[in-house]
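Chemist: final-v4.csv (CSV, C-alpha atoms) pasted underneath:
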chain,number,residue,atom,x,y,z
M,1,MET,CA,0.0,0.0,0.0
M,2,ILE,CA,1.3,3.5,-0.9
M,3,TYR,CA,0.2,6.0,1.6
M,4,PRO,CA,-1.4,9.2,0.4
M,5,TYR,CA,1.3,11.4,1.9
M,6,LEU,CA,4.0,9.5,0.0
M,7,ILE,CA,2.1,9.9,-3.3
M,8,THR,CA,1.9,13.7,-2.6
M,9,ALA,CA,5.6,13.9,-1.8
M,10,LEU,CA,6.4,12.1,-5.0
M,11,LEU,CA,4.2,14.4,-7.0
M,12,LEU,CA,5.8,17.4,-5.5
M,13,LEU,CA,9.3,16.1,-6.2
M,14,SER,CA,8.4,15.5,-9.9
M,15,SER,CA,6.6,18.9,-10.3
M,16,PRO,CA,8.2,21.1,-13.0
M,17,CYS,CA,8.0,24.1,-10.7
M,18,LEU,CA,10.6,22.5,-8.4
M,19,VAL,CA,13.1,21.9,-11.3
M,20,ALA,CA,15.8,24.5,-11.2
M,21,GLN,CA,15.4,26.9,-14.1
M,22,PRO,CA,18.4,28.3,-16.0
M,23,TYR,CA,19.5,31.7,-14.8
M,24,PHE,CA,19.5,34.6,-17.2
M,25,PRO,CA,20.7,38.1,-16.3
M,26,THR,CA,18.3,41.1,-16.5
M,27,GLU,CA,19.7,44.7,-16.5
M,28,THR,CA,21.8,43.6,-13.6
M,29,TRP,CA,23.9,40.4,-13.5
M,30,GLU,CA,24.0,38.3,-10.4
M,31,ASN,CA,27.4,37.4,-9.0
M,32,ARG,CA,27.9,34.1,-7.2
M,33,SER,CA,30.8,32.9,-5.2
M,34,PRO,CA,32.9,30.2,-6.8
M,35,GLN,CA,32.0,27.8,-4.0
M,36,ALA,CA,28.3,28.3,-4.5
M,37,VAL,CA,28.5,26.9,-8.0
M,38,GLY,CA,31.0,24.1,-7.4
M,39,LEU,CA,34.3,25.9,-8.2
M,40,ASN,CA,37.5,25.9,-6.3
M,41,THR,CA,38.1,29.6,-5.4
M,42,GLU,CA,41.9,29.3,-5.2
M,43,LEU,CA,42.2,27.5,-8.5
M,44,LEU,CA,39.8,30.0,-10.2
M,45,GLN,CA,41.9,32.9,-8.9
M,46,LYS,CA,45.0,31.3,-10.6
M,47,ALA,CA,43.2,31.5,-13.9
M,48,VAL,CA,42.3,35.1,-13.4
M,49,ASP,CA,45.8,36.0,-12.3
M,50,PHE,CA,47.1,34.2,-15.4
M,51,ALA,CA,44.8,36.3,-17.7
M,52,GLN,CA,45.9,39.5,-16.1
M,53,ASN,CA,49.7,38.6,-16.2
M,54,ASN,CA,49.8,37.5,-19.8
M,55,GLU,CA,48.7,40.6,-21.7
M,56,TYR,CA,48.8,40.7,-25.5
M,57,GLU,CA,52.2,42.4,-26.4
M,58,GLY,CA,51.0,44.5,-29.3
M,59,ASP,CA,50.7,48.3,-29.1
M,60,ARG,CA,47.7,49.8,-27.3
M,61,ASP,CA,47.3,52.1,-30.3
M,62,LEU,CA,45.5,49.6,-32.4
M,63,LYS,CA,46.1,51.5,-35.6
M,64,VAL,CA,49.8,50.9,-35.0
M,65,ALA,CA,49.3,47.2,-34.0
M,66,ILE,CA,47.2,46.6,-37.1
M,67,LEU,CA,49.7,48.1,-39.5
M,68,LYS,CA,52.5,46.1,-37.9
M,69,GLY,CA,50.5,42.9,-37.7
M,70,PHE,CA,49.5,42.9,-41.4
M,71,ALA,CA,52.6,44.6,-42.9
M,72,ARG,CA,53.1,41.7,-45.4
M,73,GLU,CA,49.8,42.5,-47.2
M,74,PRO,CA,50.4,44.5,-50.4
M,75,PHE,CA,48.2,47.7,-50.5
M,76,HIS,CA,47.1,47.2,-46.9
M,77,GLU,CA,45.5,50.3,-45.3
M,78,ILE,CA,43.2,51.3,-42.6
M,79,LYS,CA,39.8,51.8,-44.1
M,80,GLY,CA,37.5,51.8,-41.1
M,81,PRO,CA,37.4,53.1,-37.5
M,82,THR,CA,39.9,52.0,-34.9
M,83,LYS,CA,40.1,52.6,-31.2
M,84,ASP,CA,43.0,52.5,-28.7
M,85,ARG,CA,42.5,49.4,-26.6
M,86,GLY,CA,42.3,48.9,-22.8
M,87,GLY,CA,44.1,46.4,-20.7
M,88,PRO,CA,43.4,42.8,-20.0
M,89,ALA,CA,39.7,42.2,-19.0
M,90,GLY,CA,37.2,39.4,-18.9
M,91,LEU,CA,34.6,37.4,-17.1
M,92,ILE,CA,33.9,33.8,-16.2
M,93,LEU,CA,30.3,32.6,-16.1
M,94,LYS,CA,29.3,29.4,-14.3
M,95,ASP,CA,25.6,28.3,-14.5
M,96,GLY,CA,25.0,31.7,-16.0
M,97,TYR,CA,26.3,33.6,-13.0
M,98,ILE,CA,29.4,35.8,-12.9
M,99,VAL,CA,31.9,34.0,-10.7
M,100,ALA,CA,35.0,36.1,-11.7
M,101,GLN,CA,35.9,39.2,-13.6
M,102,TRP,CA,38.9,41.3,-14.1
M,103,GLY,CA,39.8,44.6,-15.8
M,104,ASP,CA,37.2,47.1,-17.1
M,105,VAL,CA,34.5,44.7,-18.4
M,106,GLY,CA,32.2,47.6,-19.4
M,107,ARG,CA,34.8,49.2,-21.7
M,108,VAL,CA,34.0,49.1,-25.4
M,109,ASP,CA,36.9,47.8,-27.4
M,110,MET,CA,37.6,46.5,-30.9
M,111,THR,CA,37.1,42.7,-31.1
M,112,PHE,CA,38.5,42.0,-34.6
M,113,SER,CA,37.6,38.5,-35.8
M,114,VAL,CA,35.2,37.7,-33.0
M,115,THR,CA,33.0,39.7,-35.3
M,116,LYS,CA,32.9,36.7,-37.6
M,117,SER,CA,30.9,34.7,-35.1
M,118,TYR,CA,28.3,37.6,-34.9
M,119,LEU,CA,28.2,37.6,-38.7
M,120,SER,CA,27.7,33.9,-38.8
M,121,THR,CA,24.7,34.4,-36.4
M,122,VAL,CA,23.1,36.9,-38.8
M,123,ALA,CA,23.5,34.2,-41.5
M,124,GLY,CA,21.8,31.7,-39.2
M,125,LEU,CA,18.9,34.1,-38.6
M,126,ALA,CA,18.5,34.3,-42.4
M,127,VAL,CA,18.3,30.5,-42.7
M,128,ASP,CA,15.9,30.3,-39.7
M,129,ASP,CA,13.6,32.9,-41.2
M,130,GLY,CA,13.7,31.4,-44.6
M,131,VAL,CA,15.4,34.5,-46.1
M,132,ILE,CA,18.0,31.9,-47.3
M,133,ALA,CA,16.4,28.6,-48.2
M,134,SER,CA,19.5,26.5,-47.7
M,135,VAL,CA,23.2,27.0,-47.0
M,136,ASN,CA,23.9,24.7,-49.9
M,137,ASP,CA,22.3,27.1,-52.3
M,138,SER,CA,24.5,29.0,-54.8
M,139,VAL,CA,25.0,32.6,-53.6
M,140,ALA,CA,24.6,33.6,-57.3
M,141,GLY,CA,20.9,32.8,-57.0
M,142,TYR,CA,20.6,35.6,-54.4
M,143,VAL,CA,23.3,38.1,-55.4
M,144,TRP,CA,23.1,38.5,-59.1
M,145,ASP,CA,25.2,41.8,-59.6
M,146,GLY,CA,28.2,40.0,-61.0
M,147,LYS,CA,30.1,39.2,-57.9
M,148,PHE,CA,29.4,35.5,-58.3
M,149,ALA,CA,29.6,35.4,-62.1
M,150,GLY,CA,32.0,33.1,-64.0
M,151,ALA,CA,32.8,29.5,-64.0
M,152,HIS,CA,34.5,29.5,-60.6
M,153,ASN,CA,32.6,32.1,-58.5
M,154,SER,CA,29.2,30.7,-59.6
M,155,GLN,CA,29.9,27.5,-57.8
M,156,ILE,CA,30.1,29.2,-54.4
M,157,THR,CA,27.5,28.4,-51.8
M,158,TRP,CA,26.6,30.0,-48.5
M,159,ASP,CA,28.3,27.1,-46.8
M,160,HIS,CA,31.5,27.8,-48.6
M,161,LEU,CA,31.5,31.5,-47.5
M,162,LEU,CA,30.7,30.5,-43.9
M,163,THR,CA,33.5,27.9,-43.8
M,164,GLN,CA,36.0,30.2,-45.5
M,165,SER,CA,36.5,27.6,-48.2
M,166,SER,CA,35.1,29.5,-51.2
M,167,ASP,CA,38.4,30.7,-52.8
M,168,TRP,CA,36.3,33.5,-54.3
M,169,SER,CA,38.3,35.5,-56.8
M,170,GLY,CA,37.7,39.3,-57.2
M,171,THR,CA,37.9,42.7,-55.8
M,172,LEU,CA,35.5,44.0,-53.1
M,173,PHE,CA,35.6,47.6,-51.8
M,174,SER,CA,38.9,48.2,-53.6
M,175,THR,CA,40.6,45.3,-51.9
M,176,LYS,CA,41.7,42.3,-54.0
M,177,ASP,CA,41.1,38.8,-52.5
M,178,TRP,CA,44.7,37.7,-53.2
M,179,ALA,CA,46.2,40.7,-51.4
M,180,ASP,CA,44.6,39.6,-48.0
M,181,ARG,CA,46.9,37.4,-45.9
M,182,PRO,CA,49.0,36.2,-48.8
M,183,PRO,CA,51.2,33.1,-48.4
M,184,SER,CA,54.6,33.4,-46.9
M,185,GLU,CA,56.2,32.4,-50.2
M,186,GLY,CA,56.1,34.0,-53.6
M,187,GLY,CA,55.2,37.5,-54.7
M,188,ILE,CA,52.4,39.5,-56.2
M,189,ASP,CA,52.4,37.7,-59.6
M,190,ASP,CA,52.3,34.3,-57.8
M,191,TRP,CA,49.4,35.3,-55.6
M,192,LYS,CA,47.5,37.0,-58.4
M,193,TYR,CA,47.7,34.2,-60.9
M,194,ARG,CA,47.4,31.3,-58.5
M,195,GLU,CA,45.4,28.2,-59.4
M,196,LEU,CA,41.9,28.5,-57.9
M,197,GLN,CA,40.7,25.7,-55.6
M,198,THR,CA,37.4,24.0,-56.0
M,199,PRO,CA,35.0,25.7,-53.5
M,200,GLY,CA,34.6,23.7,-50.3
M,201,THR,CA,38.0,21.9,-50.6
M,202,ASN,CA,40.5,24.4,-49.2
M,203,PHE,CA,40.3,26.6,-46.1
M,204,GLU,CA,41.8,30.0,-46.3
M,205,TYR,CA,41.4,32.7,-43.7
M,206,ASN,CA,40.5,35.8,-45.8
M,207,ASP,CA,38.7,39.0,-44.7
M,208,VAL,CA,37.8,40.0,-48.2
M,209,ARG,CA,35.7,36.9,-48.6
M,210,VAL,CA,34.3,37.3,-45.1
M,211,ASN,CA,33.3,40.8,-46.1
M,212,LEU,CA,31.7,39.4,-49.2
M,213,LEU,CA,29.5,37.2,-47.0
M,214,ALA,CA,28.4,40.4,-45.1
M,215,TYR,CA,27.7,42.1,-48.4
M,216,SER,CA,25.7,39.1,-49.6
M,217,LEU,CA,23.7,39.0,-46.4
M,218,LEU,CA,23.0,42.7,-46.8
M,219,GLN,CA,21.5,42.0,-50.2
M,220,VAL,CA,19.1,39.4,-48.8
M,221,TRP,CA,18.1,41.1,-45.5
M,222,ARG,CA,17.8,44.5,-47.4
M,223,LYS,CA,18.7,46.4,-44.2
M,224,PRO,CA,21.9,47.0,-42.3
M,225,LEU,CA,23.2,43.9,-40.6
M,226,PRO,CA,23.8,45.7,-37.2
M,227,MET,CA,20.1,46.5,-37.2
M,228,VAL,CA,19.2,42.8,-37.8
M,229,LEU,CA,21.6,41.7,-35.0
M,230,LYS,CA,20.3,44.4,-32.6
M,231,GLU,CA,16.6,43.6,-33.2
M,232,LYS,CA,16.8,39.8,-33.2
M,233,ILE,CA,19.7,39.1,-30.8
M,234,MET,CA,21.3,41.9,-28.8
M,235,ASP,CA,18.1,43.6,-27.6
M,236,PRO,CA,16.4,40.4,-26.5
M,237,ILE,CA,19.5,39.3,-24.5
M,238,GLY,CA,19.7,42.6,-22.8
M,239,ALA,CA,22.9,43.9,-24.3
M,240,SER,CA,23.8,47.5,-23.7
M,241,THR,CA,23.4,50.3,-26.2
M,242,THR,CA,27.2,50.8,-26.4
M,243,TRP,CA,28.2,48.2,-29.0
M,244,ARG,CA,28.7,49.2,-32.6
M,245,TRP,CA,29.4,47.4,-35.9
M,246,TYR,CA,31.3,49.2,-38.6
M,247,GLY,CA,32.4,48.7,-42.2
M,248,TYR,CA,34.8,50.7,-44.3
M,249,ASP,CA,34.7,54.3,-45.6
M,250,ASP,CA,34.2,52.9,-49.1
M,251,SER,CA,31.7,50.1,-48.2
M,252,PHE,CA,28.5,52.0,-48.6
M,253,VAL,CA,26.1,50.4,-51.2
M,254,ASN,CA,22.7,51.3,-52.6
M,255,VAL,CA,20.0,49.0,-51.4
M,256,ASP,CA,16.5,49.8,-52.5
M,257,GLY,CA,17.5,53.4,-53.1
M,258,ILE,CA,19.0,53.8,-49.6
M,259,MET,CA,22.8,54.0,-49.0
M,260,MET,CA,23.7,51.4,-46.4
M,261,GLN,CA,27.1,50.4,-45.1
M,262,SER,CA,28.2,46.9,-45.7
M,263,VAL,CA,29.9,45.9,-42.4
M,264,SER,CA,33.2,44.1,-42.1
M,265,GLY,CA,33.8,40.7,-40.5
M,266,GLY,CA,36.9,41.8,-38.7
M,267,GLY,CA,39.1,44.7,-37.9
M,268,HIS,CA,42.4,44.2,-39.6
M,269,SER,CA,41.5,47.2,-41.9
M,270,GLY,CA,39.5,48.8,-39.2
M,271,GLY,CA,35.8,48.4,-38.5
M,272,GLY,CA,34.1,45.3,-37.2
M,273,VAL,CA,32.3,45.0,-33.9
M,274,PHE,CA,33.3,47.3,-31.1
M,275,ILE,CA,31.8,45.9,-27.8
M,276,SER,CA,32.3,45.3,-24.1
M,277,ALA,CA,33.2,42.1,-22.3
M,278,LEU,CA,29.8,42.2,-20.6
M,279,ASP,CA,28.0,42.2,-23.9
M,280,HIS,CA,30.2,39.4,-25.2
M,281,ALA,CA,29.3,37.4,-22.2
M,282,ARG,CA,25.6,37.7,-22.9
M,283,PHE,CA,26.2,36.6,-26.5
M,284,GLY,CA,28.2,33.7,-25.2
M,285,LEU,CA,25.5,32.7,-22.7
M,286,LEU,CA,23.0,32.6,-25.5
M,287,PHE,CA,25.1,30.0,-27.3
M,288,LEU,CA,25.7,28.1,-24.1
M,289,ARG,CA,21.9,27.9,-23.7
M,290,ARG,CA,21.7,26.7,-27.3
M,291,GLY,CA,20.0,29.8,-28.7
M,292,ASN,CA,17.3,30.1,-26.0
M,293,TRP,CA,17.1,33.2,-23.8
M,294,ASN,CA,14.7,32.8,-20.9
M,295,GLY,CA,12.2,30.7,-22.8
M,296,GLN,CA,12.5,32.5,-26.2
M,297,GLN,CA,14.4,30.7,-29.0
M,298,LEU,CA,16.3,33.5,-30.7
M,299,ILE,CA,18.3,31.3,-33.0
M,300,SER,CA,17.6,27.6,-33.7
M,301,GLU,CA,19.5,24.8,-32.1
M,302,ARG,CA,19.8,23.3,-35.5
M,303,TRP,CA,21.8,26.4,-36.6
M,304,ILE,CA,24.1,26.2,-33.6
M,305,ASP,CA,24.8,22.5,-34.3
M,306,GLN,CA,25.7,23.4,-37.9
M,307,ALA,CA,27.8,26.3,-36.8
M,308,ILE,CA,30.0,24.2,-34.5
M,309,THR,CA,30.4,21.2,-36.7
M,310,SER,CA,33.8,20.7,-38.2
M,311,SER,CA,33.9,21.8,-41.9
M,312,ALA,CA,35.2,19.5,-44.7
M,313,ALA,CA,38.0,21.9,-45.4
M,314,ASN,CA,39.2,22.4,-41.8
M,315,GLU,CA,38.4,20.2,-38.8
M,316,SER,CA,39.1,23.1,-36.5
M,317,TYR,CA,36.6,25.4,-38.1
M,318,GLY,CA,32.8,25.5,-38.4
M,319,TYR,CA,30.6,28.4,-39.5
M,320,MET,CA,33.0,31.1,-38.3
M,321,TRP,CA,33.3,29.5,-34.9
M,322,TRP,CA,36.5,27.6,-34.0
M,323,VAL,CA,36.0,24.2,-32.6
M,324,ASN,CA,38.5,22.4,-30.3
M,325,ARG,CA,39.4,19.7,-32.8
M,326,GLY,CA,42.0,19.2,-35.5
M,327,GLU,CA,45.3,21.0,-35.7
M,328,ARG,CA,44.3,24.0,-33.6
M,329,ALA,CA,42.9,21.9,-30.7
M,330,TRP,CA,44.0,23.0,-27.2
M,331,GLU,CA,45.7,20.0,-25.5
M,332,GLY,CA,43.8,18.8,-22.5
M,333,VAL,CA,40.6,20.6,-23.4
M,334,SER,CA,37.5,18.8,-24.4
M,335,PRO,CA,36.7,18.6,-28.2
M,336,SER,CA,33.2,19.8,-27.4
M,337,VAL,CA,34.5,23.3,-26.5
M,338,TYR,CA,34.1,26.0,-29.2
M,339,TYR,CA,35.0,29.6,-29.4
M,340,ALA,CA,35.1,32.9,-31.2
M,341,ALA,CA,38.6,34.3,-31.7
M,342,GLY,CA,40.0,37.7,-32.7
M,343,PHE,CA,43.4,39.5,-33.1
M,344,GLY,CA,45.0,40.6,-29.9
M,345,GLY,CA,43.6,37.9,-27.7
M,346,ASN,CA,39.9,38.5,-27.9
M,347,PHE,CA,37.9,35.3,-27.2
M,348,ILE,CA,34.4,34.0,-26.3
M,349,ILE,CA,34.8,30.4,-25.1
M,350,ILE,CA,31.8,28.1,-24.7
M,351,ASP,CA,32.2,25.0,-22.5
M,352,ASN,CA,28.9,23.1,-22.5
M,353,GLU,CA,30.2,20.2,-20.4
M,354,ASN,CA,31.0,22.4,-17.5
M,355,ASP,CA,28.3,25.1,-18.1
M,356,LEU,CA,31.0,27.7,-18.5
M,357,VAL,CA,31.5,30.8,-20.6
M,358,ILE,CA,34.9,32.5,-20.6
M,359,VAL,CA,35.4,36.0,-22.1
M,360,THR,CA,38.9,37.3,-22.4
M,361,ARG,CA,40.2,40.6,-23.8
M,362,TRP,CA,43.9,41.2,-24.7
M,363,LEU,CA,45.2,37.9,-23.5
M,364,ASN,CA,48.3,36.8,-25.3
M,365,PRO,CA,46.8,34.4,-27.9
M,366,PRO,CA,49.2,31.4,-27.4
M,367,GLN,CA,48.3,31.4,-23.7
M,368,VAL,CA,44.5,31.1,-24.1
M,369,GLY,CA,44.5,27.3,-24.1
M,370,GLU,CA,46.3,27.3,-20.7
M,371,MET,CA,43.8,29.9,-19.4
M,372,VAL,CA,41.0,27.5,-20.3
M,373,ARG,CA,42.7,24.5,-18.7
M,374,LEU,CA,43.2,26.6,-15.5
M,375,VAL,CA,39.5,27.5,-15.4
M,376,GLN,CA,38.4,23.9,-16.0
M,377,ALA,CA,40.8,22.7,-13.2
M,378,ALA,CA,38.7,24.8,-10.8
M,379,VAL,CA,35.6,22.8,-11.5
M,380,GLU,CA,35.1,20.4,-8.6
M,381,LYS,CA,34.0,17.1,-10.0
Could I get this structure in the form of structure tokens?
Modeler:
Amino acid sequence: MIYPYLITALLLLSSPCLVAQPYFPTETWENRSPQAVGLNTELLQKAVDFAQNNEYEGDRDLKVAILKGFAREPFHEIKGPTKDRGGPAGLILKDGYIVAQWGDVGRVDMTFSVTKSYLSTVAGLAVDDGVIASVNDSVAGYVWDGKFAGAHNSQITWDHLLTQSSDWSGTLFSTKDWADRPPSEGGIDDWKYRELQTPGTNFEYNDVRVNLLAYSLLQVWRKPLPMVLKEKIMDPIGASTTWRWYGYDDSFVNVDGIMMQSVSGGGHSGGGVFISALDHARFGLLFLRRGNWNGQQLISERWIDQAITSSAANESYGYMWWVNRGERAWEGVSPSVYYAAGFGGNFIIIDNENDLVIVTRWLNPPQVGEMVRLVQAAVEK
């Protein structure tokens, strides 16, 4: 015989209202002590100290750092806004709560190629909304102004642009594709007259082609991409009003009779997303929660799965998110970890297994893997 009070107790224990709901910050963000969420305080502090003591060595005048960092590129110039950077800063989230922070986390700084992961998200929204029917569609079917004309460029799909495997050939906003991050060997004639690789077969990190993705998305959204991101992602997650997304001085295009700026996917010629560590952390928490923010599915789980799947051309790269697999994998870190990465040591790191988000600004890039290992060591199993 099961006594009535026992039945009642079992029903209460199984009641959905007693299941802990994920925490999402509102205008304020709740802090928790490391111990309260199962972290070792001393070990976590070691990770924070490590981030503070291993600052990116480049000039704080980012215009100088950019010109030095990309000096090998022929015709390279600053074409968009830049901003002097701050010092090391960041946050660590556990179970959605802030458990550690350092530096000025509210300061707006350039974030360089972390911008690519925001751009990828705008592409995902287009697929979710049916603006793009399939990532395997030829981009020429959507952008018919000649940028995808010809035997080679006409083969390029959205998937190829998102995985940086298109080998698109051409000039965009006065910058030639072959002049961006050229190989260490050869000269201009070698780069200009290279053999083109079949789209989808060869990974090449190239900002001109990333900017082409932004340009193509502008054609299908028919409104500025920062507006799309703001309305569909940043406002719903409670981001501040301080972030900006810039393009180049010469990247304004006519869309439906209105001049709009086509934004850049990085900052190595200036531009890109300028944002605080706090706003990065909200974006990272959205991905940790698989696109759901407090019950509202802002971007589909299907898209997130696609975005963090290794691409055919590079096991370490998905849809403009780096995945901890292949040649770039951090030793001792789970292959399920993925991250957005930008010049100068800007990272948003997602660790689903430990329910962690790590945001770092201006951490010496070769040291980031060690920083992640130190944070994970603080998780009490």
Chemist: From the set M:Trp322, M:Phe252, M:Phe75, M:Phe283, which residue has the shortest atom-to-atom contact distance to M:Ile237, counting all atoms listed in the file?
Modeler: M:Phe283
Chemist: Using all atoms listed in the file, which protein or nucleic acid residues come within 7 Å of stretch 304-320 of chain M? Drop anything in the same chain fewer than 6 positions from it, and give the result as a PyMOL selection string.
Modeler: chain M and resi 116-117+120+162-163+165+200-203+290+326-328+338
Chemist: For the atom pair atom CA of M:Ala89 and atom CA of M:Asp279, what is the interatomic distance in Å to one decimal place?
Modeler: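 These atoms are spaced 12.7 Å apart.
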Chemist: Quick one: of M:Met371, M:Ile66, M:Ile132, M:Val273, who's nearest to M:Gln45, counting all atoms listed in the file?
Modeler: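 Using all atoms listed in the file, M:Gln45 sits closest to M:Met371.
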Chemist: Report as a tab-separated table: every residue of stretch 228-341 of chain M with an atom at most 12 Å from stretch 19-42 of chain M, its closest pair of atoms, and their distance in Å to one decimal, counting only C-alpha atoms, with rows sorted by chain and ascending residue number.
Modeler:
residue	atom	partner	partner_atom	distance
M:Asp235	CA	M:Glu27	CA	11.3
M:Pro236	CA	M:Thr26	CA	10.2
M:Ile237	CA	M:Thr26	CA	8.3
M:Gly238	CA	M:Thr26	CA	6.6
M:Ala239	CA	M:Glu27	CA	8.5
M:Ser240	CA	M:Glu27	CA	8.7
M:Thr241	CA	M:Glu27	CA	11.8
M:Leu278	CA	M:Trp29	CA	9.4
M:Asp279	CA	M:Pro25	CA	11.3
M:Ala281	CA	M:Pro25	CA	10.5
M:Arg282	CA	M:Pro25	CA	8.2
M:Phe283	CA	M:Phe24	CA	11.6
M:Gly284	CA	M:Phe24	CA	11.9
M:Leu285	CA	M:Phe24	CA	8.4
M:Leu286	CA	M:Phe24	CA	9.2
M:Leu288	CA	M:Pro22	CA	10.9
M:Arg289	CA	M:Pro22	CA	8.5
M:Arg290	CA	M:Pro22	CA	11.9
M:Asn292	CA	M:Phe24	CA	10.1
M:Trp293	CA	M:Phe24	CA	7.2
M:Asn294	CA	M:Phe24	CA	6.3
M:Gly295	CA	M:Pro22	CA	9.5
M:Gln296	CA	M:Phe24	CA	11.6
Chemist: Would you kindly return, as a short mmCIF file (atom, residue, chain, number, x, y, z; two decimals) with C-alpha atoms, keeping the file's coordinate frame, each protein, DNA or RNA residue with an atom no farther than 7 Å from any atom of M:Ser269, considering all atoms listed in the file and excluding same-chain residues fewer than 3 positions away?
Modeler:
data_model
loop_
_atom_site.label_atom_id
_atom_site.label_comp_id
_atom_site.auth_asym_id
_atom_site.auth_seq_id
_atom_site.Cartn_x
_atom_site.Cartn_y
_atom_site.Cartn_z
CA GLU M 77 45.50 50.30 -45.30
CA ILE M 78 43.20 51.30 -42.60
CA LYS M 79 39.80 51.80 -44.10
CA GLY M 80 37.50 51.80 -41.10
#
Chemist: Restricting the calculation to all atoms listed in the file, which member of M:Glu301, M:Asp137, M:Asp351, M:Asp256 is positioned closest to M:Asn324?
Modeler: M:Asp351
Chemist: Atom CA of M:Tyr97 and atom CA of M:Val359 are how many Å apart?
Modeler: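 Atom-to-atom, atom CA of M:Tyr97 to atom CA of M:Val359, that is 13.1 Å.
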Chemist: Would you mind completing stretch 220-234 of chain M to N, CA and C atoms and writing the output as a CSV table (one decimal), in the frame of the given file?
Modeler:
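Generated file (selection_7.csv):
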chain,number,residue,atom,x,y,z
M,220,VAL,N,20.3,40.1,-49.1
M,220,VAL,CA,19.1,39.4,-48.8
M,220,VAL,C,18.2,39.9,-47.6
M,221,TRP,N,18.9,40.5,-46.6
M,221,TRP,CA,18.1,41.1,-45.5
M,221,TRP,C,17.5,42.5,-46.0
M,222,ARG,N,18.3,43.2,-46.9
M,222,ARG,CA,17.8,44.5,-47.4
M,222,ARG,C,17.7,45.5,-46.3
M,223,LYS,N,18.5,45.4,-45.2
M,223,LYS,CA,18.7,46.4,-44.2
M,223,LYS,C,20.0,46.1,-43.5
M,224,PRO,N,20.5,47.2,-42.9
M,224,PRO,CA,21.9,47.0,-42.3
M,224,PRO,C,22.0,45.8,-41.3
M,225,LEU,N,23.0,45.1,-41.4
M,225,LEU,CA,23.2,43.9,-40.6
M,225,LEU,C,23.2,44.3,-39.1
M,226,PRO,N,23.8,45.4,-38.7
M,226,PRO,CA,23.8,45.7,-37.2
M,226,PRO,C,22.3,45.9,-36.7
M,227,MET,N,21.5,46.3,-37.6
M,227,MET,CA,20.1,46.5,-37.2
M,227,MET,C,19.4,45.1,-37.0
M,228,VAL,N,19.8,44.1,-37.9
M,228,VAL,CA,19.2,42.8,-37.8
M,228,VAL,C,19.7,42.2,-36.5
M,229,LEU,N,21.0,42.3,-36.2
M,229,LEU,CA,21.6,41.7,-35.0
M,229,LEU,C,21.0,42.4,-33.7
M,230,LYS,N,20.8,43.7,-33.8
M,230,LYS,CA,20.3,44.4,-32.6
M,230,LYS,C,18.8,43.9,-32.3
M,231,GLU,N,18.0,43.9,-33.4
M,231,GLU,CA,16.6,43.6,-33.2
M,231,GLU,C,16.4,42.1,-32.8
M,232,LYS,N,17.1,41.2,-33.4
M,232,LYS,CA,16.8,39.8,-33.2
M,232,LYS,C,17.7,39.1,-32.1
M,233,ILE,N,18.8,39.7,-31.8
M,233,ILE,CA,19.7,39.1,-30.8
M,233,ILE,C,20.1,40.0,-29.6
M,234,MET,N,20.7,41.1,-29.9
M,234,MET,CA,21.3,41.9,-28.8
M,234,MET,C,20.3,42.6,-27.9
